[in-house]
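Trainee: Contents of input.pdb (PDB, C-alpha atoms and all ligand atoms) are below:
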ATOM      1  CA  MET A   3      58.782 105.177  48.064
ATOM      2  CA  LEU A   4      62.331 104.155  48.791
ATOM      3  CA  LYS A   5      61.145 101.683  51.348
ATOM      4  CA  ILE A   6      58.695 100.232  48.919
ATOM      5  CA  ARG A   7      61.399  99.953  46.254
ATOM      6  CA  GLN A   8      63.688  98.276  48.752
ATOM      7  CA  LEU A   9      60.931  95.932  49.683
ATOM      8  CA  ALA A  10      60.256  95.223  46.016
ATOM      9  CA  GLY A  11      63.983  94.560  45.613
ATOM     10  CA  TYR A  12      63.960  92.095  48.489
ATOM     11  CA  LEU A  13      60.939  90.424  47.078
ATOM     12  CA  LEU A  14      62.621  90.127  43.692
ATOM     13  CA  VAL A  15      65.708  88.583  45.283
ATOM     14  CA  PHE A  16      63.490  86.332  47.316
ATOM     15  CA  PHE A  17      61.691  85.091  44.208
ATOM     16  CA  LEU A  18      64.957  84.639  42.353
ATOM     17  CA  LEU A  19      66.205  82.517  45.223
ATOM     18  CA  ILE A  20      63.084  80.430  45.121
ATOM     19  CA  GLY A  21      63.576  80.097  41.375
ATOM     20  CA  CYS A  22      67.156  78.891  41.882
ATOM     21  CA  THR A  23      66.107  76.450  44.550
ATOM     22  CA  ASP A  24      63.497  75.015  42.231
ATOM     23  CA  ASP A  25      66.023  74.617  39.411
ATOM     24  CA  ASN A  26      68.457  72.859  41.706
ATOM     25  CA  SER A  27      65.904  70.467  43.061
ATOM     26  CA  GLU A  28      64.808  69.695  39.521
ATOM     27  CA  GLN A  29      68.363  68.799  38.513
ATOM     28  CA  LYS A  30      68.690  66.550  41.521
ATOM     29  CA  THR A  31      65.385  64.763  40.962
ATOM     30  CA  GLU A  32      65.941  61.053  41.481
ATOM     31  CA  ILE A  33      64.733  58.591  38.884
ATOM     32  CA  ASP A  34      61.423  57.101  39.969
ATOM     33  CA  LYS A  35      62.295  53.464  40.616
ATOM     34  CA  SER A  36      59.122  52.585  42.502
ATOM     35  CA  LYS A  37      57.573  50.629  39.616
ATOM     36  CA  ASN A  38      60.634  48.353  39.569
ATOM     37  CA  LEU A  39      60.824  47.617  43.297
ATOM     38  CA  LEU A  40      57.772  45.365  43.586
ATOM     39  CA  SER A  41      57.639  41.711  44.517
ATOM     40  CA  LEU A  42      58.154  38.882  42.052
ATOM     41  CA  GLY A  43      55.117  38.405  39.825
ATOM     42  CA  ALA A  44      53.568  41.790  40.668
ATOM     43  CA  SER A  45      54.008  42.992  37.074
ATOM     44  CA  ALA A  46      53.077  39.741  35.323
ATOM     45  CA  GLN A  47      50.084  41.209  33.508
ATOM     46  CA  ASP A  48      51.930  44.451  32.745
ATOM     47  CA  ILE A  49      54.651  42.456  30.982
ATOM     48  CA  LEU A  50      52.282  40.051  29.228
ATOM     49  CA  SER A  51      49.718  42.486  27.835
ATOM     50  CA  ASP A  52      49.812  45.856  26.074
ATOM     51  CA  GLN A  53      47.101  47.407  28.243
ATOM     52  CA  THR A  54      49.432  49.629  30.273
ATOM     53  CA  TYR A  55      52.806  49.155  28.566
ATOM     54  CA  THR A  56      53.055  48.898  24.779
ATOM     55  CA  SER A  57      56.814  48.329  24.634
ATOM     56  CA  ILE A  58      59.483  46.647  26.718
ATOM     57  CA  THR A  59      63.190  47.300  27.170
ATOM     58  CA  ILE A  60      65.344  44.542  28.620
ATOM     59  CA  GLU A  61      68.666  45.733  29.969
ATOM     60  CA  ILE A  62      71.225  42.955  30.175
ATOM     61  CA  VAL A  63      74.175  43.911  32.351
ATOM     62  CA  TYR A  64      77.000  41.364  32.296
ATOM     63  CA  VAL A  65      80.275  41.245  34.143
ATOM     64  CA  ASN A  66      83.254  41.413  31.762
ATOM     65  CA  GLY A  67      83.812  37.970  30.297
ATOM     66  CA  TYR A  68      80.277  36.770  31.050
ATOM     67  CA  ALA A  69      78.389  38.109  28.039
ATOM     68  CA  PRO A  70      75.512  35.855  27.044
ATOM     69  CA  ASN A  71      75.998  33.885  23.842
ATOM     70  CA  PRO A  72      74.253  35.586  20.866
ATOM     71  CA  GLU A  73      72.424  32.329  20.119
ATOM     72  CA  ALA A  74      70.954  32.378  23.642
ATOM     73  CA  ILE A  75      69.698  35.930  23.065
ATOM     74  CA  THR A  76      68.131  34.836  19.760
ATOM     75  CA  GLN A  77      66.265  32.033  21.549
ATOM     76  CA  PHE A  78      65.230  34.376  24.360
ATOM     77  CA  THR A  79      63.911  36.988  21.898
ATOM     78  CA  LYS A  80      61.910  34.304  20.083
ATOM     79  CA  PHE A  81      60.388  33.216  23.405
ATOM     80  CA  LEU A  82      59.398  36.802  24.256
ATOM     81  CA  LYS A  83      57.774  37.404  20.875
ATOM     82  CA  GLU A  84      55.773  34.201  21.225
ATOM     83  CA  ARG A  85      54.340  35.067  24.630
ATOM     84  CA  ILE A  86      54.002  38.827  25.212
ATOM     85  CA  TYR A  87      52.079  41.622  23.481
ATOM     86  CA  LYS A  88      54.325  44.641  22.922
ATOM     87  CA  PRO A  89      53.236  46.267  19.637
ATOM     88  CA  ASP A  90      55.723  49.146  19.999
ATOM     89  CA  GLY A  91      58.689  46.851  20.351
ATOM     90  CA  ILE A  92      60.799  44.432  22.355
ATOM     91  CA  GLU A  93      64.277  45.879  22.770
ATOM     92  CA  ILE A  94      67.253  44.153  24.375
ATOM     93  CA  THR A  95      70.287  46.235  25.315
ATOM     94  CA  GLN A  96      73.585  44.792  26.560
ATOM     95  CA  ARG A  97      76.323  46.445  28.571
ATOM     96  CA  SER A  98      79.420  45.139  30.334
ATOM     97  CA  VAL A  99      80.439  46.146  33.844
ATOM     98  CA  SER A 100      83.380  45.282  36.059
ATOM     99  CA  SER A 101      83.154  42.609  38.728
ATOM    100  CA  SER A 102      81.565  43.482  42.053
ATOM    101  CA  GLY A 103      84.115  41.211  43.735
ATOM    102  CA  GLN A 104      81.363  39.830  45.954
ATOM    103  CA  ALA A 105      80.921  36.279  44.635
ATOM    104  CA  PRO A 106      79.416  33.982  45.785
ATOM    105  CA  PHE A 107      76.229  35.964  46.150
ATOM    106  CA  ASP A 108      73.148  36.002  48.300
ATOM    107  CA  ILE A 109      70.101  37.680  46.817
ATOM    108  CA  ASP A 110      70.529  40.840  48.913
ATOM    109  CA  GLU A 111      73.961  41.348  47.374
ATOM    110  CA  VAL A 112      72.500  40.818  43.921
ATOM    111  CA  ALA A 113      69.867  43.462  44.679
ATOM    112  CA  ALA A 114      72.551  45.865  45.951
ATOM    113  CA  ILE A 115      74.491  45.439  42.690
ATOM    114  CA  GLU A 116      71.302  46.213  40.779
ATOM    115  CA  LYS A 117      71.041  49.489  42.675
ATOM    116  CA  ASP A 118      74.494  50.460  41.381
ATOM    117  CA  GLU A 119      74.368  49.062  37.864
ATOM    118  CA  ARG A 120      70.781  49.269  36.616
ATOM    119  CA  SER A 121      70.155  52.272  34.362
ATOM    120  CA  ILE A 122      66.737  51.666  32.760
ATOM    121  CA  TYR A 123      63.482  51.941  34.708
ATOM    122  CA  THR A 124      59.820  51.713  33.784
ATOM    123  CA  VAL A 125      58.510  55.043  32.507
ATOM    124  CA  GLY A 126      55.495  56.121  30.442
ATOM    125  CA  ASP A 127      54.175  53.224  28.380
ATOM    126  CA  GLU A 128      57.490  51.352  28.392
ATOM    127  CA  ILE A 129      58.203  48.683  30.981
ATOM    128  CA  ALA A 130      61.843  47.954  31.823
ATOM    129  CA  ILE A 131      63.447  44.661  32.874
ATOM    130  CA  TYR A 132      66.938  44.173  34.323
ATOM    131  CA  ILE A 133      68.994  40.985  33.884
ATOM    132  CA  TYR A 134      72.403  40.600  35.540
ATOM    133  CA  PHE A 135      74.909  38.001  34.324
ATOM    134  CA  ALA A 136      76.975  37.438  37.458
ATOM    135  CA  ASP A 137      80.606  36.313  37.685
ATOM    136  CA  GLY A 138      79.877  33.857  40.432
ATOM    137  CA  SER A 139      77.441  31.440  41.979
ATOM    138  CA  ASN A 140      74.697  31.552  44.568
ATOM    139  CA  GLU A 141      76.167  31.100  48.024
ATOM    140  CA  ASP A 142      73.613  28.420  48.940
ATOM    141  CA  ASP A 143      74.729  26.043  46.204
ATOM    142  CA  GLU A 144      75.303  22.435  47.171
ATOM    143  CA  ASP A 145      77.089  19.713  45.241
ATOM    144  CA  ASN A 146      73.984  18.318  43.615
ATOM    145  CA  LYS A 147      71.700  21.315  43.820
ATOM    146  CA  PHE A 148      72.894  24.601  42.441
ATOM    147  CA  VAL A 149      71.007  27.621  41.240
ATOM    148  CA  LEU A 150      71.503  28.679  37.616
ATOM    149  CA  GLY A 151      69.358  31.804  37.920
ATOM    150  CA  SER A 152      66.824  33.649  40.079
ATOM    151  CA  ALA A 153      63.969  36.032  39.427
ATOM    152  CA  TYR A 154      63.856  38.135  42.598
ATOM    153  CA  ARG A 155      61.638  41.172  41.946
ATOM    154  CA  ASN A 156      58.871  42.165  39.538
ATOM    155  CA  THR A 157      61.356  43.239  36.843
ATOM    156  CA  SER A 158      64.685  41.869  38.075
ATOM    157  CA  MET A 159      66.554  38.632  37.551
ATOM    158  CA  VAL A 160      70.061  37.251  37.852
ATOM    159  CA  ILE A 161      71.800  34.548  35.828
ATOM    160  CA  TYR A 162      74.718  32.875  37.580
ATOM    161  CA  GLY A 163      77.158  32.961  34.662
ATOM    162  CA  GLU A 164      79.978  31.250  36.491
ATOM    163  CA  THR A 165      77.731  28.365  37.554
ATOM    164  CA  ILE A 166      76.522  27.884  33.970
ATOM    165  CA  ASN A 167      80.121  27.967  32.668
ATOM    166  CA  ASN A 168      81.224  25.313  35.148
ATOM    167  CA  PHE A 169      78.195  23.178  34.494
ATOM    168  CA  SER A 170      78.550  23.310  30.697
ATOM    169  CA  GLU A 171      82.094  21.938  31.011
ATOM    170  CA  ARG A 172      80.900  18.708  32.596
ATOM    171  CA  ASN A 173      80.716  15.469  30.618
ATOM    172  CA  ASN A 174      77.519  15.156  28.594
ATOM    173  CA  ALA A 175      76.386  18.645  29.590
ATOM    174  CA  PRO A 176      74.333  20.634  27.064
ATOM    175  CA  GLU A 177      75.926  23.495  25.132
ATOM    176  CA  LYS A 178      76.437  26.649  27.142
ATOM    177  CA  GLU A 179      74.184  28.743  24.897
ATOM    178  CA  ASP A 180      71.354  26.244  25.315
ATOM    179  CA  ILE A 181      71.651  26.347  29.103
ATOM    180  CA  GLN A 182      71.733  30.151  29.025
ATOM    181  CA  ALA A 183      68.638  30.256  26.804
ATOM    182  CA  ALA A 184      66.727  27.775  28.974
ATOM    183  CA  VAL A 185      67.562  29.678  32.161
ATOM    184  CA  LEU A 186      66.762  33.086  30.609
ATOM    185  CA  ASN A 187      63.366  31.820  29.418
ATOM    186  CA  HIS A 188      62.642  30.032  32.696
ATOM    187  CA  GLU A 189      63.466  33.004  34.934
ATOM    188  CA  PHE A 190      61.605  35.396  32.647
ATOM    189  CA  ALA A 191      58.552  33.129  32.875
ATOM    190  CA  HIS A 192      58.673  33.698  36.655
ATOM    191  CA  LEU A 193      58.429  37.451  35.934
ATOM    192  CA  LEU A 194      55.381  36.493  33.842
ATOM    193  CA  GLY A 195      53.882  35.056  37.028
ATOM    194  CA  LEU A 196      54.447  31.315  36.516
ATOM    195  CA  VAL A 197      53.492  29.168  38.290
ATOM    196  CA  ASP A 198      50.942  30.855  40.551
ATOM    197  CA  LEU A 199      53.330  33.753  41.183
ATOM    198  CA  GLY A 200      50.997  36.555  40.099
ATOM    199  CA  THR A 201      49.400  34.633  37.226
ATOM    200  CA  GLU A 202      46.529  32.471  38.363
ATOM    201  CA  PRO A 203      46.741  28.806  37.330
ATOM    202  CA  GLN A 204      43.886  27.748  35.040
ATOM    203  CA  SER A 205      44.441  24.069  35.816
ATOM    204  CA  ASP A 206      46.114  21.961  38.450
ATOM    205  CA  HIS A 207      49.767  21.838  37.370
ATOM    206  CA  LYS A 208      51.561  23.352  40.356
ATOM    207  CA  ASP A 209      54.576  21.503  41.702
ATOM    208  CA  ASP A 210      53.669  21.082  45.371
ATOM    209  CA  ASP A 211      57.275  20.533  46.401
ATOM    210  CA  ASN A 212      58.833  23.456  44.536
ATOM    211  CA  GLU A 213      57.050  26.782  44.809
ATOM    212  CA  GLY A 214      56.535  28.637  41.534
ATOM    213  CA  HIS A 215      57.073  25.602  39.345
ATOM    214  CA  CYS A 216      55.142  23.244  37.077
ATOM    215  CA  ASN A 217      54.708  19.518  37.557
ATOM    216  CA  VAL A 218      54.369  18.648  33.862
ATOM    217  CA  SER A 219      57.303  16.592  32.676
ATOM    218  CA  GLY A 220      59.359  18.404  30.027
ATOM    219  CA  CYS A 221      57.857  21.846  30.706
ATOM    220  CA  LEU A 222      60.160  24.880  30.808
ATOM    221  CA  MET A 223      58.813  25.647  34.289
ATOM    222  CA  GLN A 224      59.948  22.424  35.917
ATOM    223  CA  SER A 225      62.165  23.315  38.865
ATOM    224  CA  SER A 226      64.984  21.220  37.393
ATOM    225  CA  ILE A 227      65.697  24.007  34.868
ATOM    226  CA  GLU A 228      66.595  26.370  37.687
ATOM    227  CA  PHE A 229      68.533  23.831  39.702
ATOM    228  CA  GLY A 230      71.230  22.442  37.448
ATOM    229  CA  SER A 231      70.831  18.842  38.556
ATOM    230  CA  GLY A 232      68.086  17.984  36.082
ATOM    231  CA  ILE A 233      68.857  20.230  33.147
ATOM    232  CA  VAL A 234      70.767  17.522  31.291
ATOM    233  CA  ASP A 235      67.526  15.595  30.899
ATOM    234  CA  VAL A 236      65.459  18.463  29.560
ATOM    235  CA  ILE A 237      67.816  19.995  26.997
ATOM    236  CA  ASP A 238      67.767  17.342  24.339
ATOM    237  CA  GLY A 239      70.044  17.643  21.330
ATOM    238  CA  GLY A 240      70.058  21.447  21.404
ATOM    239  CA  ASN A 241      66.282  21.696  21.828
ATOM    240  CA  ILE A 242      65.612  23.864  24.827
ATOM    241  CA  PRO A 243      62.443  23.089  26.808
ATOM    242  CA  GLN A 244      59.226  24.919  25.964
ATOM    243  CA  LEU A 245      56.230  25.873  28.069
ATOM    244  CA  ASP A 246      53.600  23.159  28.166
ATOM    245  CA  ALA A 247      49.930  23.819  27.341
ATOM    246  CA  ALA A 248      48.962  24.375  31.001
ATOM    247  CA  CYS A 249      51.528  27.150  31.500
ATOM    248  CA  ILE A 250      50.579  28.804  28.196
ATOM    249  CA  ASP A 251      46.896  28.704  29.215
ATOM    250  CA  ASP A 252      47.790  30.543  32.423
ATOM    251  CA  LEU A 253      49.655  33.270  30.534
ATOM    252  CA  ARG A 254      46.822  33.745  28.019
ATOM    253  CA  ALA A 255      44.304  34.114  30.831
ATOM    254  CA  ASN A 256      46.446  36.929  32.263
ATOM    255  CA  GLY A 257      46.807  38.920  29.041
ATOM    256  CA  GLY A 258      49.590  37.061  27.225
ATOM    257  CA  LYS A 259      49.769  35.290  23.867
TER     258      LYS A 259
HETATM  259 ZN    ZN B   1      62.230  28.552  38.685
HETATM  260 ZN    ZN B   2      54.188  24.008  32.692
END
Any chance you could put this one into structure tokens?

Mentor:
Amino acid sequence: MLKIRQLAGYLLVFFLLIGCTDDNSEQKTEIDKSKNLLSLGASAQDILSDQTYTSITIEIVYVNGYAPNPEAITQFTKFLKERIYKPDGIEITQRSVSSSGQAPFDIDEVAAIEKDERSIYTVGDEIAIYIYFADGSNEDDEDNKFVLGSAYRNTSMVIYGETINNFSERNNAPEKEDIQAAVLNHEFAHLLGLVDLGTEPQSDHKDDDNEGHCNVSGCLMQSSIEFGSGIVDVIDGGNIPQLDAACIDDLRANGGK
């Protein structure tokens, strides 16, 4: 009997240990980030339609001093409501962080910062987007061709805040909030799969010289929006460029408005 009791005691301890191990591993469970580590355009339909995700949360993380202008966020929100179906809500959160000290950036550095700073990931029926307002420029910038923003994964994009600040201080440059709004909308439209980045073109409007862009003059998806050189021509008197009919047709065919 004693032996059996001892054995029972061991078994009890053994099970308790297993129980503890389980608890510990549960506490240490990593957030599942897999849905947010896909290639650019991979979630175009998921963002556009409400088939899989009925709401969206956009986490804007900006380096201290580089908060987006509220007017730019208003324009961005309007753009989202016009193009995507999210009946349970479109939420934008904003949070400041300290500088990474890594400017100017290549896209691998931007992705490494995301790993540290991003806090919201896609879960359940809510898809999450991350936007980083960086305190620097892209390291490949040239005098007449500089990058204002980049969409680099299915739910990730960066806005080069420092580049926009410098550009908006030039003679005859558009207002900073208008540049921010145009670049936010443009980069987000890449997440929506434009042009031919996960959303199939319904007509021939691809820019053959600039991958992912539209060849219709005045369209939001012209490459000149992303590369500062041409943005003066397309932001006219505070009117930021809109998607043309061809781009909107593409989005509608892939589940958007
Ligand atoms: Zn672009
Ligand atoms: Zn277009």

Trainee: Identify, counting only C-alpha atoms and all ligand atoms, the protein, DNA and RNA residues located within 6 Å of ligand ZN 1 (chain B), and give them as a PDB file with C-alpha atoms, in the coordinates of the input.

Mentor:
ATOM      1  CA  GLU A 189      63.466  33.004  34.934  1.00  0.00           C
ATOM      2  CA  HIS A 215      57.073  25.602  39.345  1.00  0.00           C
ATOM      3  CA  SER A 225      62.165  23.315  38.865  1.00  0.00           C
ATOM      4  CA  GLU A 228      66.595  26.370  37.687  1.00  0.00           C
TER       5      GLU A 228
END

Trainee: Which polymer residues have any atom within 10 Å of an atom of Asp48 in chain A, counting all atoms listed in the file, with same-chain residues fewer than 5 positions away left out, as a ChimeraX atom specification?

Mentor: /A:43,53-56,58,86-87,128-129,156,194,256-258

Trainee: Using only C-alpha atoms and all ligand atoms, which residues have at least one atom no more than 8 Å from ligand ZN 2 (chain B)? Output them as a short mmCIF file (atom, residue, chain, number, x, y, z; two decimals) with C-alpha atoms, in the coordinates of the input.

Mentor:
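Dumped to out_9.cif:
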data_model
loop_
_atom_site.label_atom_id
_atom_site.label_comp_id
_atom_site.auth_asym_id
_atom_site.auth_seq_id
_atom_site.Cartn_x
_atom_site.Cartn_y
_atom_site.Cartn_z
CA VAL A 197 53.49 29.17 38.29
CA HIS A 207 49.77 21.84 37.37
CA HIS A 215 57.07 25.60 39.34
CA CYS A 216 55.14 23.24 37.08
CA ASN A 217 54.71 19.52 37.56
CA VAL A 218 54.37 18.65 33.86
CA CYS A 221 57.86 21.85 30.71
CA LEU A 222 60.16 24.88 30.81
CA MET A 223 58.81 25.65 34.29
CA GLN A 224 59.95 22.42 35.92
CA LEU A 245 56.23 25.87 28.07
CA ASP A 246 53.60 23.16 28.17
CA ALA A 247 49.93 23.82 27.34
CA ALA A 248 48.96 24.38 31.00
CA CYS A 249 51.53 27.15 31.50
CA ILE A 250 50.58 28.80 28.20
#

Trainee: Run the PyMOL selection byres (((chain A and resi 139) around 10) and not hetatm) on the file and write out the hits as a PDB file with C-alpha atoms, keeping the file's coordinate frame.

Mentor:
ATOM      1  CA  ALA A 105      80.921  36.279  44.635  1.00  0.00           C
ATOM      2  CA  PRO A 106      79.416  33.982  45.785  1.00  0.00           C
ATOM      3  CA  PHE A 107      76.229  35.964  46.150  1.00  0.00           C
ATOM      4  CA  ASP A 108      73.148  36.002  48.300  1.00  0.00           C
ATOM      5  CA  ALA A 136      76.975  37.438  37.458  1.00  0.00           C
ATOM      6  CA  ASP A 137      80.606  36.313  37.685  1.00  0.00           C
ATOM      7  CA  GLY A 138      79.877  33.857  40.432  1.00  0.00           C
ATOM      8  CA  ASN A 140      74.697  31.552  44.568  1.00  0.00           C
ATOM      9  CA  GLU A 141      76.167  31.100  48.024  1.00  0.00           C
ATOM     10  CA  ASP A 142      73.613  28.420  48.940  1.00  0.00           C
ATOM     11  CA  ASP A 143      74.729  26.043  46.204  1.00  0.00           C
ATOM     12  CA  PHE A 148      72.894  24.601  42.441  1.00  0.00           C
ATOM     13  CA  VAL A 149      71.007  27.621  41.240  1.00  0.00           C
ATOM     14  CA  LEU A 150      71.503  28.679  37.616  1.00  0.00           C
ATOM     15  CA  GLY A 151      69.358  31.804  37.920  1.00  0.00           C
ATOM     16  CA  ILE A 161      71.800  34.548  35.828  1.00  0.00           C
ATOM     17  CA  TYR A 162      74.718  32.875  37.580  1.00  0.00           C
ATOM     18  CA  GLY A 163      77.158  32.961  34.662  1.00  0.00           C
ATOM     19  CA  GLU A 164      79.978  31.250  36.491  1.00  0.00           C
ATOM     20  CA  THR A 165      77.731  28.365  37.554  1.00  0.00           C
ATOM     21  CA  ILE A 166      76.522  27.884  33.970  1.00  0.00           C
ATOM     22  CA  ASN A 168      81.224  25.313  35.148  1.00  0.00           C
TER      23      ASN A 168
END

Trainee: Given the file above and the PyMOL selection byres (((chain A and resi 158) around 10) and not hetatm), which residues are selected, and can you give them as a list in words?

Mentor: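 With the shown file as input, the PyMOL selection byres (((chain A and resi 158) around 10) and not hetatm) matches Asn38, Leu39, Leu40, Ser41, Leu42, Ile60, Glu61, Val112, Ala113, Glu116, Arg120, Ala130, Ile131, Tyr132, Ile133, Tyr134, Ser152, Ala153, Tyr154, Arg155, Asn156, Thr157, Met159, Val160, Glu189, Phe190 and Leu193 of chain A.
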
Trainee: Could you expand the PyMOL selection byres (((chain A and resi 84) around 12) and not hetatm) into the explicit residues it covers here, written as a ChimeraX atom specification?

Mentor: /A:50,77-83,85-88,92,187,244-245,250,253-254,258-259

Trainee: Using all atoms listed in the file, find the one residue out of A:Ser226, A:Ala183, A:Ala191, A:Ser219 that sits nearest to Thr76 in chain A.

Mentor: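 That would be A:Ala183, the residue with the smallest distance to Thr76 in chain A.
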
Trainee: Calculated over all atoms listed in the file, which of the candidates A:Gly67, A:Pro72, A:Gly126, A:Gly214 has the smallest distance to Asp180 in chain A?

Mentor: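 Of all the options, A:Pro72 lies closest to Asp180 in chain A.
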
Trainee: Report, in Å with one decimal, the straight-line distance from CA of Asp90 in chain A to CA of Ser57 in chain A.

Mentor: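 That distance, rounded to one decimal, is 4.8 Å.
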
Trainee: Restricting the calculation to all atoms listed in the file: of A:Ile75, A:Ala44, A:Ala255, A:Ile237, which residue gets closest to Glu177 in chain A?

Mentor: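 Using all atoms listed in the file, Glu177 in chain A sits closest to A:Ile237.
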
Trainee: Which residues are near Asp198 in chain A? Cut-off 8 Å, all atoms listed in the file, ignore same chain within fewer than 3 positions. Put them as a list of chain:residue names.

Mentor: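 Everything that qualifies: A:Gly195, A:Thr201, A:Glu202, A:Pro203, A:Lys208, A:Gly214.
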
Trainee: Of the candidates A:Pro243, A:His192, A:Asp251, A:Pro176, which shows the shortest atom-to-atom distance to Gln204 in chain A, using all atoms listed in the file?

Mentor: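 Checking each candidate against Gln204 in chain A, we get A:Asp251 as the closest.
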
Trainee: Looking at A:Tyr123, A:Phe229, A:Tyr64, A:Phe169, which one is nearest to Val185 in chain A, with distances taken over all atoms listed in the file?

Mentor: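 Going through A:Tyr123, A:Phe229, A:Tyr64, A:Phe169 one by one, the smallest distance to Val185 in chain A is for A:Phe229.
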
Trainee: Suppose you want the space between CA of Asn146 in chain A and CA of Gly230 in chain A; what is it in Å?

Mentor: 7.9 Å

Trainee: Mind giving me the straight-line distance from CA of Lys147 in chain A to CA of Asn66 in chain A in Å, one decimal?

Mentor: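 We find that CA of Lys147 in chain A and CA of Asn66 in chain A lie 26.1 Å from each other.
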
Trainee: A:Ser170, A:Glu119, A:Leu196, A:Pro70: which is nearest Ser101 in chain A, counting all atoms listed in the file?

Mentor: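 Closest to Ser101 in chain A of all the choices is A:Glu119.
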
Trainee: Using the structure just given, write a file holding N, CA and C atoms for range 67-84 of chain A, as a compact mmCIF listing (two decimals), in the first residue's frame.

Mentor:
# COMPACT_ATOMS: atom_id res chain seq x y z
N GLY A 67 8.07 64.27 -32.46
CA GLY A 67 8.27 65.42 -33.32
C GLY A 67 7.82 65.20 -34.75
N TYR A 68 7.42 63.98 -35.09
CA TYR A 68 7.02 63.66 -36.46
C TYR A 68 5.57 63.17 -36.55
N ALA A 69 4.75 63.64 -35.61
CA ALA A 69 3.33 63.25 -35.65
C ALA A 69 2.70 63.76 -36.94
N PRO A 70 1.86 62.95 -37.56
CA PRO A 70 1.17 63.43 -38.76
C PRO A 70 0.21 64.56 -38.40
N ASN A 71 0.03 65.49 -39.34
CA ASN A 71 -0.91 66.58 -39.14
C ASN A 71 -2.34 66.02 -39.06
N PRO A 72 -3.15 66.53 -38.11
CA PRO A 72 -4.53 66.02 -37.99
C PRO A 72 -5.32 66.12 -39.30
N GLU A 73 -5.05 67.17 -40.08
CA GLU A 73 -5.77 67.31 -41.35
C GLU A 73 -5.41 66.17 -42.32
N ALA A 74 -4.16 65.72 -42.27
CA ALA A 74 -3.75 64.59 -43.11
C ALA A 74 -4.49 63.32 -42.70
N ILE A 75 -4.66 63.14 -41.39
CA ILE A 75 -5.38 61.95 -40.89
C ILE A 75 -6.85 62.01 -41.30
N THR A 76 -7.43 63.23 -41.28
CA THR A 76 -8.82 63.39 -41.72
C THR A 76 -8.97 62.97 -43.19
N GLN A 77 -8.03 63.42 -44.02
CA GLN A 77 -8.07 63.07 -45.45
C GLN A 77 -7.88 61.57 -45.66
N PHE A 78 -6.97 61.00 -44.89
CA PHE A 78 -6.67 59.57 -44.98
C PHE A 78 -7.91 58.75 -44.58
N THR A 79 -8.56 59.15 -43.49
CA THR A 79 -9.75 58.44 -43.02
C THR A 79 -10.86 58.49 -44.07
N LYS A 80 -11.01 59.66 -44.70
CA LYS A 80 -12.03 59.82 -45.74
C LYS A 80 -11.74 58.85 -46.89
N PHE A 81 -10.47 58.78 -47.27
CA PHE A 81 -10.05 57.88 -48.36
C PHE A 81 -10.40 56.42 -48.01
N LEU A 82 -10.10 56.02 -46.78
CA LEU A 82 -10.38 54.64 -46.36
C LEU A 82 -11.87 54.34 -46.43
N LYS A 83 -12.67 55.26 -45.90
CA LYS A 83 -14.13 55.04 -45.88
C LYS A 83 -14.70 54.94 -47.29
N GLU A 84 -14.08 55.65 -48.22
CA GLU A 84 -14.58 55.63 -49.60
C GLU A 84 -14.26 54.33 -50.32
